[in-house]
Amino acid sequence: MGPLMSLKPSDEIVVPDKEKNWVDSVFNSLTPEQRIGQLFMVAAYSDKDKRHFREIDSLVVKYGIGGIMFMQGGPVRQTTLTNRFQGLAKVPMLIAMDAEWGLGMRLDSSMQFARQMTLGAMDDPKYVYMMGREIALKMKRMGVNVSFSPVMDVNVNPQNPVIGTRSFGESKEEVSRRGVAYIQGLQDHGIIAVAKHFPGHGDTDTDSHLALPVIKHSVKRLTEVELYPFRKSFDAGVMGVMVAHLYIPSIDSTKNLATTLSKPLVTGLLKEKMNYKGLVFTDALNMKGVSKYYTPGELDLRALMAGNDILLFSENVPVAVSKIKAALAEGKLNQVDVDQRIRKVLHAKYWAGLNKYKPVALANLKKDVDRPISTVIQEQLYEHAVTVLKNKNNLLPLRNLDTLSIASVAIGVTENNPFQEILGSYAAVKKFAVSDRFAPDSVFTGILPKLENSNVVVVSIHNMNHTPFKDFGIGVGTRAFIQFLQERTNKKVIVAVMGNAYSLKFFEGSNWLLCGYEDQPVAQMLVPQAIFGARAAKGKLPVTASAKFKTGTGIVTPTLGRLKYGVPESVGMDSDSLKQIDNIALEAIAYAATPGAQVMVIKDGTVVYNKSYGHYTYDKKKPVTNQTVYDIASITKVAATLQAIMFLKDQGKLKLDEKLVTYLPELKGTNKANLVLRDVLTHQAGLQAGLPHWQTTSKSQATKKIFYASAQTDAFPHEVAPGFYSMKSMEDSLWAWTVKSPLLARKKDSKGYPYKYSDLDFYVLKRVAETLLNQPLDEFMDQNFYAPLGLSTMTYKPLLKHKQENIAPTEKDNYFRHNLLWGTVHDQGAAMLGGVAGHAGLFSNANDLAILLQMNLQNGNYGGHKYYNTSVVPEFSKKQFINNRRGLGWDKPETDGNGPTSALAPLSTFGHTGFTGTSAWVDPENKLIYIFLSNRVYPDAGNNKLVEYNIRTRIHDAIYKSIVPKT
């Protein structure tokens, strides 16, 4: 930062010779008209036509304008025009943008950060600095030098139609603190910050774009409140200030004279009394607050006479230049004073590096502007702003999900919105959307019967506006609906306001109330996370919304260790690298390795990648979504049976080195009696890989009639497939055959059995678990794990809970069930048991499986509940024997790197794969979870292309390569 621009008001100006020489050289090279031209900054639009561009060309060439303020358009188009206009300029111009909340305020396809009121709610101003930095870096990359931000107005008037959410709030101290952080974020990274709207636009009820607002406060009041943040910004070295179009009689009582045109204000108060030495900008001179009283040209002259340095948004530069020249000739303007202002502009250009101007490189511009790290900052801004206003009996964050029946009514959005999608990631949620914010009562009364069985209703309000006079876009029907739910039902009604904080006045009767401040997709994703305790709510209300909701109101809520949903860079991963997953997944579909798939990546407790690919089948009629439910096959072993076994070990009801007969007395006298539980868990107990039970029961039509029937009856209750039912005693038969089955040959040294992956191990383990639990496995898991965890898709026998259309089909079975397997388990043995087995039968989407695995990664702690009290998961997930890669139940990597995981996965990794084309891996060292679900067995289980092309392990590789090394 050059000395001139970094000066505080009390500092003495010292200019280096190099800077002074450049300014003198440029000044002396200009004609009188071109010098005057340096004081103009005109508006340009990159979304307009060639005629507009030629008009700007003319102003640059003929009048030597000093700057351009870009308005609406696109980043590449704007930068292309910047190069064009700068190429025509004799002196490089200052390029400015009015981008208070980022480039997205003006440019399409550009990121939008948070509005200043949202920033005012945050618990830590450091994030304001970080936002300023990100905006500065984007601007610099596009050749922009000036940002017309921050807004330093203290918004003490709830009816303010033009400032409102553009202000940090109503506390002059917080406005100052956050405004200075924003200024430093910009200027530390090469962008001139401009504090606005001097002397303070916060206590107005008129929009200066449309008329001239009147502020009747005394100078004393203005000094104590409105001027306070500006004084702090001057002390911090802000390089620019923008003067507002206001009428303040206590400073200048000239009728209809805006502060922009007031010499007592601009020169007397700002430059002399407050001793401000930086650049003074007018607010846009096309605004009706000034333009309705003066003609173009005359308006510019009066603004210059008042003491402004840069005339913004002039409507007629040629006329203005002519009038200024005449005023100089007539002595109405002091030539020395005007020359000093021109030199001030040139010093600013030197600071901005325009003394060494180079055209902006267009190559990779969009990629550079869309810095992935910006998404982390964006996420942090909204996360730290979420504010809980009411929380009766500490209901929030929601706990004990198995006791809750949750519904969501989203008002102002259509279905499939981010808010409800994230809600549904934590629990089974009935979702209703009312797209019309002003829907009649009949729409809401139609929803009421559908909420009868829900004891918690989350009502979120979206697509609001910032207009106090229009109730911020909240319809009377919406308010009446919420009031009815609160007063006429016994439901717990959680209201989430995704918009203007002043609207909270409508919800004083709420017992559970949150404010997300904006309706950006990232905000919609974060508020539900606070509701479920994945993230803490830390925000404080930056304004007084009502008598009950005063500034500073905010209840801090805890985190419960649930999965977060965020961006890769927030956990040290590179999003560009993760995009390689897309290529591999699409390759799998193109090569018919699977018709579709889900891929999920979790790092440090945050879901950073959750995508679905392809279709249910190769006819491409139904696309896979993140809600699609898959048969996860042998992952059942670790997601069901092993969880029960670990639970029993954790409870002290089971010992790993006991013989099976200890827990299953019926094994006494059999070859299974003395098998040790630890050996069974590691697949080295001598059990065979599997037994072809389905073939045994299907040898002939006569045999089939013994075991199966085409209709469900008490004697044949178990559905093997639609229209195909097994006999009631089928489980006893399968168990008897398992018990009688021969063991493998012992090792030559007779010290045990060789490692042999076996389904029979989990036939046995299920029997052990159910015996000790005295409860069927599926009931136990649902009651003790799945329901408390909020798993809405993970289940045995999915057709009892889900529509078939939400489940991916598996094989076209033409050898046993002679049917398309769609919602009934693929594994024959599990199917014979009616779909509930220890080795297979579980269905899930990737999200629910991730929650279960995250709970395991956190050794049983999840959602405020301890599922395990001892270090049972680390004990079970570690390798047990030298020549066996397995943990206890868990599969693990091979030491030579040729196993089922990426070779980059550490040996501490644990998880499992499934025959249907599924895999799930947990890496405790990197706190990483990877899930791949597919139906590669459709239509034929002989399809082994997933393995042939290493699809799952290559995706695993890509995940590890995306982790940015710590420095």
# chains A, B, ... in the order shown; residues from 1 in each chain; ligands from 1

call {"tool": "residues_around", "arguments": {"residues": "A:Leu677", "least_positions_apart": "2", "cutoff": "7 Å", "atoms": "only C-alpha atoms", "output": "list in words"}}
result
Leu656, Asp657, Glu658, Lys659, Leu660, Leu675, Asp679, Val680 and Leu681 of chain A

call {"tool": "residues_around", "arguments": {"residues": "stretch 247-259 of chain A", "least_positions_apart": "2", "cutoff": "10 Å", "atoms": "only C-alpha atoms", "output": "ChimeraX atom specification"}}
result
/A:198-199,208,212-220,222,243-245,261-266,268-269,282,289-294,303,306

call {"tool": "closest_residue", "arguments": {"among": "A:Ile963, A:Ile56, A:Val76, A:Leu821", "to": "A:Pro939", "atoms": "only C-alpha atoms"}}
result
A:Leu821

call {"tool": "residues_around", "arguments": {"residues": "A:Val458", "least_positions_apart": "4", "cutoff": "12 Å", "atoms": "only C-alpha atoms", "output": "ChimeraX atom specification"}}
result
/A:396,398,405-411,419-420,423-424,429-433,451,454,482,485-486,491-497,510-514,527-528,531-532

call {"tool": "closest_atom_pairs", "arguments": {"of": "stretch 269-309 of chain A", "to": "stretch 91-99 of chain A", "cutoff": "12 Å", "atoms": "only C-alpha atoms", "output": "tab-separated table"}}
result
residue	atom	partner	partner_atom	distance
A:Phe281	CA	A:Ala96	CA	11.5
A:Asp283	CA	A:Asp98	CA	11.0
A:Ala284	CA	A:Asp98	CA	10.8

call {"tool": "closest_residue", "arguments": {"among": "A:Thr79, A:Thr662, A:Asn463, A:Thr387", "to": "A:Val556", "atoms": "only C-alpha atoms"}}
result
A:Thr387

call {"tool": "residues_around", "arguments": {"residues": "stretch 749-755 of chain A", "least_positions_apart": "3", "cutoff": "8 Å", "atoms": "only C-alpha atoms", "output": "ChimeraX atom specification"}}
result
/A:682-686,744-746,884

call {"tool": "write_last_selection", "arguments": {"atoms": "N, CA and C atoms", "output": "CSV table (one decimal), in the first residue's frame"}}
result
chain,number,residue,atom,x,y,z
A,682,THR,N,-12.7,-64.0,12.1
A,682,THR,CA,-11.7,-63.8,11.2
A,682,THR,C,-11.6,-64.8,10.0
A,683,HIS,N,-12.7,-65.6,9.9
A,683,HIS,CA,-12.8,-66.5,8.8
A,683,HIS,C,-11.7,-67.5,8.7
A,684,GLN,N,-11.3,-68.0,9.9
A,684,GLN,CA,-10.3,-69.1,9.9
A,684,GLN,C,-10.7,-70.1,11.0
A,685,ALA,N,-12.0,-70.4,11.0
A,685,ALA,CA,-12.5,-71.4,11.9
A,685,ALA,C,-12.8,-72.7,11.3
A,686,GLY,N,-12.4,-72.8,10.0
A,686,GLY,CA,-12.6,-74.1,9.2
A,686,GLY,C,-14.0,-74.2,8.6
A,744,LEU,N,-13.2,-77.6,6.9
A,744,LEU,CA,-12.1,-77.6,6.0
A,744,LEU,C,-11.0,-78.4,6.6
A,745,ALA,N,-10.0,-78.9,5.7
A,745,ALA,CA,-8.9,-79.6,6.2
A,745,ALA,C,-8.0,-78.7,7.0
A,746,ARG,N,-7.5,-79.2,8.1
A,746,ARG,CA,-6.6,-78.4,8.9
A,746,ARG,C,-5.3,-78.0,8.2
A,884,ASN,N,-3.3,-63.4,7.9
A,884,ASN,CA,-4.8,-63.2,7.7
A,884,ASN,C,-5.0,-61.7,7.8

call {"tool": "closest_residue", "arguments": {"among": "A:Asn145, A:Thr617, A:Thr80, A:Asn814", "to": "A:Gly353", "atoms": "only C-alpha atoms"}}
result
A:Asn145

call {"tool": "closest_residue", "arguments": {"among": "A:Phe507, A:Tyr613, A:Tyr930, A:Tyr796", "to": "A:Met600", "atoms": "only C-alpha atoms"}}
result
A:Tyr930

call {"tool": "atom_distance", "arguments": {"atom1": "atom CA of A:Arg954", "atom2": "atom CA of A:Ser902"}}
result
6.9 Å

call {"tool": "residues_around", "arguments": {"residues": "stretch 334-336 of chain A", "least_positions_apart": "3", "cutoff": "12 Å", "atoms": "only C-alpha atoms", "output": "MDAnalysis selection string"}}
result
chainID A and resid 32 35:36 304:307 324:331 339:343

call {"tool": "write_last_selection", "arguments": {"atoms": "C-alpha atoms", "output": "CSV table (one decimal), in the first residue's frame"}}
result
chain,number,residue,atom,x,y,z
A,32,PRO,CA,-6.7,20.3,-19.4
A,35,ARG,CA,-7.1,16.0,-16.6
A,36,ILE,CA,-10.7,16.8,-15.9
A,304,LEU,CA,-17.1,18.8,-7.7
A,305,MET,CA,-17.7,22.3,-6.2
A,306,ALA,CA,-18.9,20.5,-3.0
A,307,GLY,CA,-15.5,18.9,-2.7
A,324,ILE,CA,-16.3,22.3,-15.3
A,325,LYS,CA,-13.9,24.0,-17.7
A,326,ALA,CA,-16.1,27.1,-17.7
A,327,ALA,CA,-16.3,27.1,-13.9
A,328,LEU,CA,-12.5,26.9,-13.7
A,329,ALA,CA,-12.2,29.8,-16.1
A,330,GLU,CA,-14.7,31.8,-14.2
A,331,GLY,CA,-13.1,31.1,-10.8
A,339,ASP,CA,-5.4,19.7,-9.8
A,340,GLN,CA,-4.7,18.3,-6.3
A,341,ARG,CA,-7.7,16.1,-6.6
A,342,ILE,CA,-6.6,14.9,-10.1
A,343,ARG,CA,-3.2,14.0,-8.6

call {"tool": "select_by_dssp", "arguments": {"residues": "stretch 323-393 of chain A", "states": "strand (DSSP E or B)", "output": "list in words"}}
result
Thr387, Val388, Leu389, Lys390 and Asn391 of chain A

call {"tool": "residues_around", "arguments": {"residues": "stretch 852-869 of chain A", "least_positions_apart": "2", "cutoff": "10 Å", "atoms": "only C-alpha atoms", "output": "PyMOL selection string"}}
result
chain A and resi 397-401+426+532-534+558-563+602-606+638-640+643+646-651+784-786+788-791+794+847-850+871-874+877+910-911+920-924+927-931

call {"tool": "select_by_dssp", "arguments": {"residues": "stretch 227-416 of chain A", "states": "helix (DSSP H, G or I)", "output": "PyMOL selection string"}}
result
chain A and resi 227-235+259-261+263-273+288-291+298-306+317-330+335-351+354-356+365-369+372-385+392-394+401-403

call {"tool": "atom_distance", "arguments": {"atom1": "atom CA of A:Val14", "atom2": "atom CA of A:Leu346"}}
result
15.3 Å
